[in-house]
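Below you'll find the structure, written out as C-alpha cells, and then a few comments.
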Amino acid sequence: MIIIILFFCFFICIFIIKILHMINYSILTYIIGDYEVLREIKYNIKDNPHIEHICVTDNPNLKSDTWKVIYDSDLDNDYMTCWDKVFNIRYNLFKYSTNDICLRIDGSIELIKPVDDLIKEFNDNNYDGCFLIHGSRDSIINELISWFRFKEYSELEFLTQISIIHNKLKYDFNKKGLIEQTISINKRSKLTNIIDNDMLKLLCFNNNHLTRLDQTMFTAYITKVHSKQNWMFIDRSIMDGRYFQKYEHNNLNEKIFMKPPEEYLIPHFNNKKVETYKLP
C-alpha cells in the first residue's frame, strides 16, 4: 500500500513540475457576423490550464463549450464593416489576451492538439513575432493580381494598395516573400503596439473603412520598416491535421488538405530563403 501511495505521489509531483514549467499563452480566434462558423477545440482544455482559449465576437448570443467567448460591444455597430471588425481584433490582440504571448488563428482553423513546443521555441529564442509564409504565391504583386482577378477585389483598392506600397513604403515589387495571415504569434511589446497602430492606418483607405486584403500591405510594411527584427517563421506542416486542421470558410465539414511539401514554394522573406520551424 505504501508503495502505491509513493508511486501516486511521484506522478503527482511530476505533473505539478510539468505544469509549473509550462509557458502561459493565449490562442485567439474570432467569429464576426456569418462569415465563419465556430469550431470547438478537439483537445481537453482542462488538461491545459496554461492556455487561454479566446474567441472574440460581435454576436452577444454566441456560446461555446471550449472557448472563452468575449463579446466586444465596440464591434457591434452598423457602421463597421466585417473587415473593420476583423482587423480591429487582429491588430489589437492584447485588448483581449491576458497573457504576454498570443497565438492568433483564423476562424477556419480547428485546434486538434496544443502547440506547446512551438510556443517554447518562440519564447526561448526571444522572437519578436512569428509568421506563416504563403505556399502558393511568393510575391505581393502576384497576390494583389490574384485577389483582383478571382476575389472581386475592386480596381480602386487594387490600385490604391499598389500606390501606397510603392510610393509610401518604397517597396520593390520584384522581391520574393509573402506573409500569410492565417496564423501568427504575437507578444505584448512596444513593437507590437507600433505595428498594430501603423497597420490600421495603412489599411484605412476604402472610404474610411479598412480594405479587406491586409497580408500584402503587412508584408510590405514588415519588410521595409521592421525587417531587422528577430522574426520566426512557421512551417506549413502545422496545418497537416496533427495540430491544426484548416477548413473551407463557413463550413464545418469541408477540410482543406495539405499538398505534398514539394508542391509548395520555397519560403522567402525580404527576397531571402528562410528556415521554417516544424513541430515534432
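Letters A, B, ... go to the chains of the C-alpha cells in the order shown; residues in each chain start at 1; ligands are counted from 1 in the same order.
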Check: Near range 140-156 of chain A, within 8 Å and counting only C-alpha atoms, which residues show up once chain neighbours fewer than 4 positions away are dropped, as a ChimeraX atom specification?
Finding: /A:160,173,176-178,216,219-220
Deliver the residues from the most recent selection as a file, using N, CA and C atoms, as a compact mmCIF listing (two decimals), in the first residue's frame.
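Full text of part16.txt as output:
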# COMPACT_ATOMS: atom_id res chain seq x y z
N THR A 160 -4.94 51.47 -55.27
CA THR A 160 -4.55 52.23 -54.08
C THR A 160 -3.49 51.48 -53.28
N PHE A 173 8.60 45.65 -55.82
CA PHE A 173 7.67 44.57 -56.16
C PHE A 173 8.36 43.34 -56.75
N LYS A 176 10.88 38.60 -53.54
CA LYS A 176 10.13 37.40 -53.18
C LYS A 176 9.79 37.45 -51.70
N GLY A 177 8.60 36.96 -51.39
CA GLY A 177 8.18 36.91 -49.99
C GLY A 177 6.76 37.41 -49.82
N LEU A 178 5.91 36.59 -49.20
CA LEU A 178 4.53 36.98 -48.92
C LEU A 178 4.10 36.30 -47.62
N THR A 216 -0.82 41.67 -48.06
CA THR A 216 0.10 42.34 -48.98
C THR A 216 0.70 43.58 -48.32
N THR A 219 3.03 42.52 -45.44
CA THR A 219 4.33 42.04 -45.92
C THR A 219 5.24 43.20 -46.29
N ALA A 220 4.70 44.15 -47.05
CA ALA A 220 5.50 45.31 -47.47
C ALA A 220 5.96 46.12 -46.27
Margin query: Please list as a ChimeraX atom specification every residue within 12 Å of Asn253 in chain A, counting only C-alpha atoms and excluding residues in the same chain fewer than 2 positions away.
Written below: /A:37,39,108-110,245-251,255-256
Pull the closest atom pair for each residue of range 151-218 of chain A that gets at most 12 Å from range 87-104 of chain A, along with the distance in Å to one decimal, counting only C-alpha atoms, ordering rows by chain and then ascending residue number, as CSV.
residue,atom,partner,partner_atom,distance
A:Gln181,CA,A:Arg104,CA,9.2
A:Thr182,CA,A:Arg104,CA,8.1
A:Ile183,CA,A:Arg104,CA,5.6
A:Ser184,CA,A:Arg104,CA,5.3
A:Ile185,CA,A:Leu103,CA,4.4
A:Asn186,CA,A:Cys102,CA,5.3
A:Lys187,CA,A:Ile101,CA,4.5
A:Arg188,CA,A:Asp100,CA,4.9
A:Ser189,CA,A:Asp100,CA,8.3
A:Lys190,CA,A:Phe94,CA,11.6
A:Thr192,CA,A:Tyr91,CA,8.6
A:Asn193,CA,A:Asn92,CA,8.0
A:Ile194,CA,A:Tyr91,CA,10.0
A:Ile195,CA,A:Tyr91,CA,8.0
A:Asp196,CA,A:Tyr91,CA,4.7
A:Asn197,CA,A:Tyr91,CA,7.5
A:Asp198,CA,A:Tyr91,CA,9.4
A:Met199,CA,A:Tyr91,CA,7.5
A:Leu200,CA,A:Tyr91,CA,7.2
A:Lys201,CA,A:Tyr91,CA,10.8
A:Leu202,CA,A:Phe87,CA,11.7
A:Leu203,CA,A:Phe87,CA,9.1
A:Cys204,CA,A:Phe87,CA,10.4
A:His209,CA,A:Phe87,CA,10.6
A:Leu210,CA,A:Phe87,CA,7.7
A:Thr211,CA,A:Phe87,CA,9.3
A:Arg212,CA,A:Phe87,CA,8.6
A:Leu213,CA,A:Phe87,CA,10.0
A:Asp214,CA,A:Phe87,CA,8.5
A:Gln215,CA,A:Phe87,CA,11.1
A:Phe218,CA,A:Tyr91,CA,10.9
Check: Where does DSSP see alpha helix (DSSP H) in range 78-230 of chain A, if you list the residues as JSON, numbers by chain?
Finding: {"A": [82, 83, 84, 85, 86, 87, 88, 89, 90, 116, 117, 118, 119, 120, 121, 122, 123, 124, 140, 141, 142, 143, 144, 145, 146, 147, 148, 149, 150, 155, 156, 157, 158, 159, 160, 161, 162, 163, 190, 191, 192, 193, 194, 195, 196, 197, 198, 199, 200, 201, 202, 215, 216, 217, 218, 219, 220, 221, 222, 223, 224, 225]}
What does the file look like for those residues with C-alpha atoms, as a PDB file, in the first residue's frame?
ATOM      1  CA  CYS A  82     -16.828  42.887 -41.371  1.00  0.00           C
ATOM      2  CA  TRP A  83     -13.209  43.760 -42.175  1.00  0.00           C
ATOM      3  CA  ASP A  84     -13.217  46.813 -39.916  1.00  0.00           C
ATOM      4  CA  LYS A  85     -14.109  44.426 -37.106  1.00  0.00           C
ATOM      5  CA  VAL A  86     -11.725  41.618 -38.070  1.00  0.00           C
ATOM      6  CA  PHE A  87      -8.704  43.896 -38.349  1.00  0.00           C
ATOM      7  CA  ASN A  88      -9.545  45.819 -35.187  1.00  0.00           C
ATOM      8  CA  ILE A  89      -9.201  42.433 -33.461  1.00  0.00           C
ATOM      9  CA  ARG A  90      -6.219  41.174 -35.471  1.00  0.00           C
ATOM     10  CA  ASP A 116       3.461  23.998 -26.567  1.00  0.00           C
ATOM     11  CA  ASP A 117       6.708  23.133 -28.386  1.00  0.00           C
ATOM     12  CA  LEU A 118       6.110  25.943 -30.880  1.00  0.00           C
ATOM     13  CA  ILE A 119       5.470  28.454 -28.100  1.00  0.00           C
ATOM     14  CA  LYS A 120       8.562  27.262 -26.198  1.00  0.00           C
ATOM     15  CA  GLU A 121      10.706  27.750 -29.315  1.00  0.00           C
ATOM     16  CA  PHE A 122       9.252  31.226 -29.754  1.00  0.00           C
ATOM     17  CA  ASN A 123       9.778  32.195 -26.122  1.00  0.00           C
ATOM     18  CA  ASP A 124      13.237  30.653 -25.648  1.00  0.00           C
ATOM     19  CA  ILE A 140       2.966  40.869 -53.182  1.00  0.00           C
ATOM     20  CA  ILE A 141       2.098  41.731 -56.765  1.00  0.00           C
ATOM     21  CA  ASN A 142       1.006  38.150 -57.542  1.00  0.00           C
ATOM     22  CA  GLU A 143      -1.270  38.184 -54.506  1.00  0.00           C
ATOM     23  CA  LEU A 144      -2.803  41.513 -55.467  1.00  0.00           C
ATOM     24  CA  ILE A 145      -3.438  40.305 -59.009  1.00  0.00           C
ATOM     25  CA  SER A 146      -4.987  37.079 -57.692  1.00  0.00           C
ATOM     26  CA  TRP A 147      -7.385  38.998 -55.448  1.00  0.00           C
ATOM     27  CA  PHE A 148      -8.295  41.383 -58.250  1.00  0.00           C
ATOM     28  CA  ARG A 149      -8.977  38.560 -60.721  1.00  0.00           C
ATOM     29  CA  PHE A 150     -10.589  35.925 -58.524  1.00  0.00           C
ATOM     30  CA  GLU A 155      -9.906  48.142 -59.058  1.00  0.00           C
ATOM     31  CA  LEU A 156      -9.746  51.204 -56.828  1.00  0.00           C
ATOM     32  CA  GLU A 157      -8.499  49.219 -53.824  1.00  0.00           C
ATOM     33  CA  PHE A 158      -6.081  47.277 -56.047  1.00  0.00           C
ATOM     34  CA  LEU A 159      -4.536  50.464 -57.449  1.00  0.00           C
ATOM     35  CA  THR A 160      -4.552  52.232 -54.079  1.00  0.00           C
ATOM     36  CA  GLN A 161      -2.640  49.392 -52.438  1.00  0.00           C
ATOM     37  CA  ILE A 162      -0.062  49.427 -55.228  1.00  0.00           C
ATOM     38  CA  SER A 163       0.313  53.185 -54.847  1.00  0.00           C
ATOM     39  CA  LYS A 190       6.069  48.312 -27.655  1.00  0.00           C
ATOM     40  CA  LEU A 191       6.979  46.979 -31.118  1.00  0.00           C
ATOM     41  CA  THR A 192       3.656  45.117 -31.410  1.00  0.00           C
ATOM     42  CA  ASN A 193       1.784  48.305 -30.491  1.00  0.00           C
ATOM     43  CA  ILE A 194       3.658  50.261 -33.162  1.00  0.00           C
ATOM     44  CA  ILE A 195       2.955  47.625 -35.820  1.00  0.00           C
ATOM     45  CA  ASP A 196      -0.738  47.430 -34.889  1.00  0.00           C
ATOM     46  CA  ASN A 197      -1.227  51.196 -34.990  1.00  0.00           C
ATOM     47  CA  ASP A 198       0.652  51.591 -38.270  1.00  0.00           C
ATOM     48  CA  MET A 199      -1.248  48.768 -39.967  1.00  0.00           C
ATOM     49  CA  LEU A 200      -4.663  50.141 -39.043  1.00  0.00           C
ATOM     50  CA  LYS A 201      -3.640  53.474 -40.566  1.00  0.00           C
ATOM     51  CA  LEU A 202      -2.199  51.922 -43.738  1.00  0.00           C
ATOM     52  CA  GLN A 215      -1.361  40.478 -46.000  1.00  0.00           C
ATOM     53  CA  THR A 216       0.099  42.339 -48.984  1.00  0.00           C
ATOM     54  CA  MET A 217       0.324  45.602 -47.050  1.00  0.00           C
ATOM     55  CA  PHE A 218       1.548  43.765 -43.957  1.00  0.00           C
ATOM     56  CA  THR A 219       4.333  42.041 -45.917  1.00  0.00           C
ATOM     57  CA  ALA A 220       5.500  45.309 -47.473  1.00  0.00           C
ATOM     58  CA  TYR A 221       5.371  47.142 -44.144  1.00  0.00           C
ATOM     59  CA  ILE A 222       7.213  44.486 -42.124  1.00  0.00           C
ATOM     60  CA  THR A 223       9.825  44.058 -44.882  1.00  0.00           C
ATOM     61  CA  LYS A 224      10.548  47.774 -45.267  1.00  0.00           C
ATOM     62  CA  VAL A 225      10.176  49.013 -41.700  1.00  0.00           C
TER      63      VAL A 225
END
Check: Quick one: distance from CA of Asn207 in chain A to CA of Asn77 in chain A in Å, one decimal?
Finding: 17.1 Å
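For Phe244 in chain A, the residues within 7 Å (counting only C-alpha atoms, excluding itself and residues fewer than 3 positions away along the chain) are Ile109, Glu110, Leu111, Ile112, Ile238, Met239, Asp240 and Gly241 of chain A.
Secondary structure by DSSP on the backbone puts the following residues of range 68-120 of chain A in strand (DSSP E): Lys68, Val69, Ile70, Tyr71, Ile101, Cys102, Leu103, Arg104, Ile105, Ile109, Glu110 and Leu111 of chain A.
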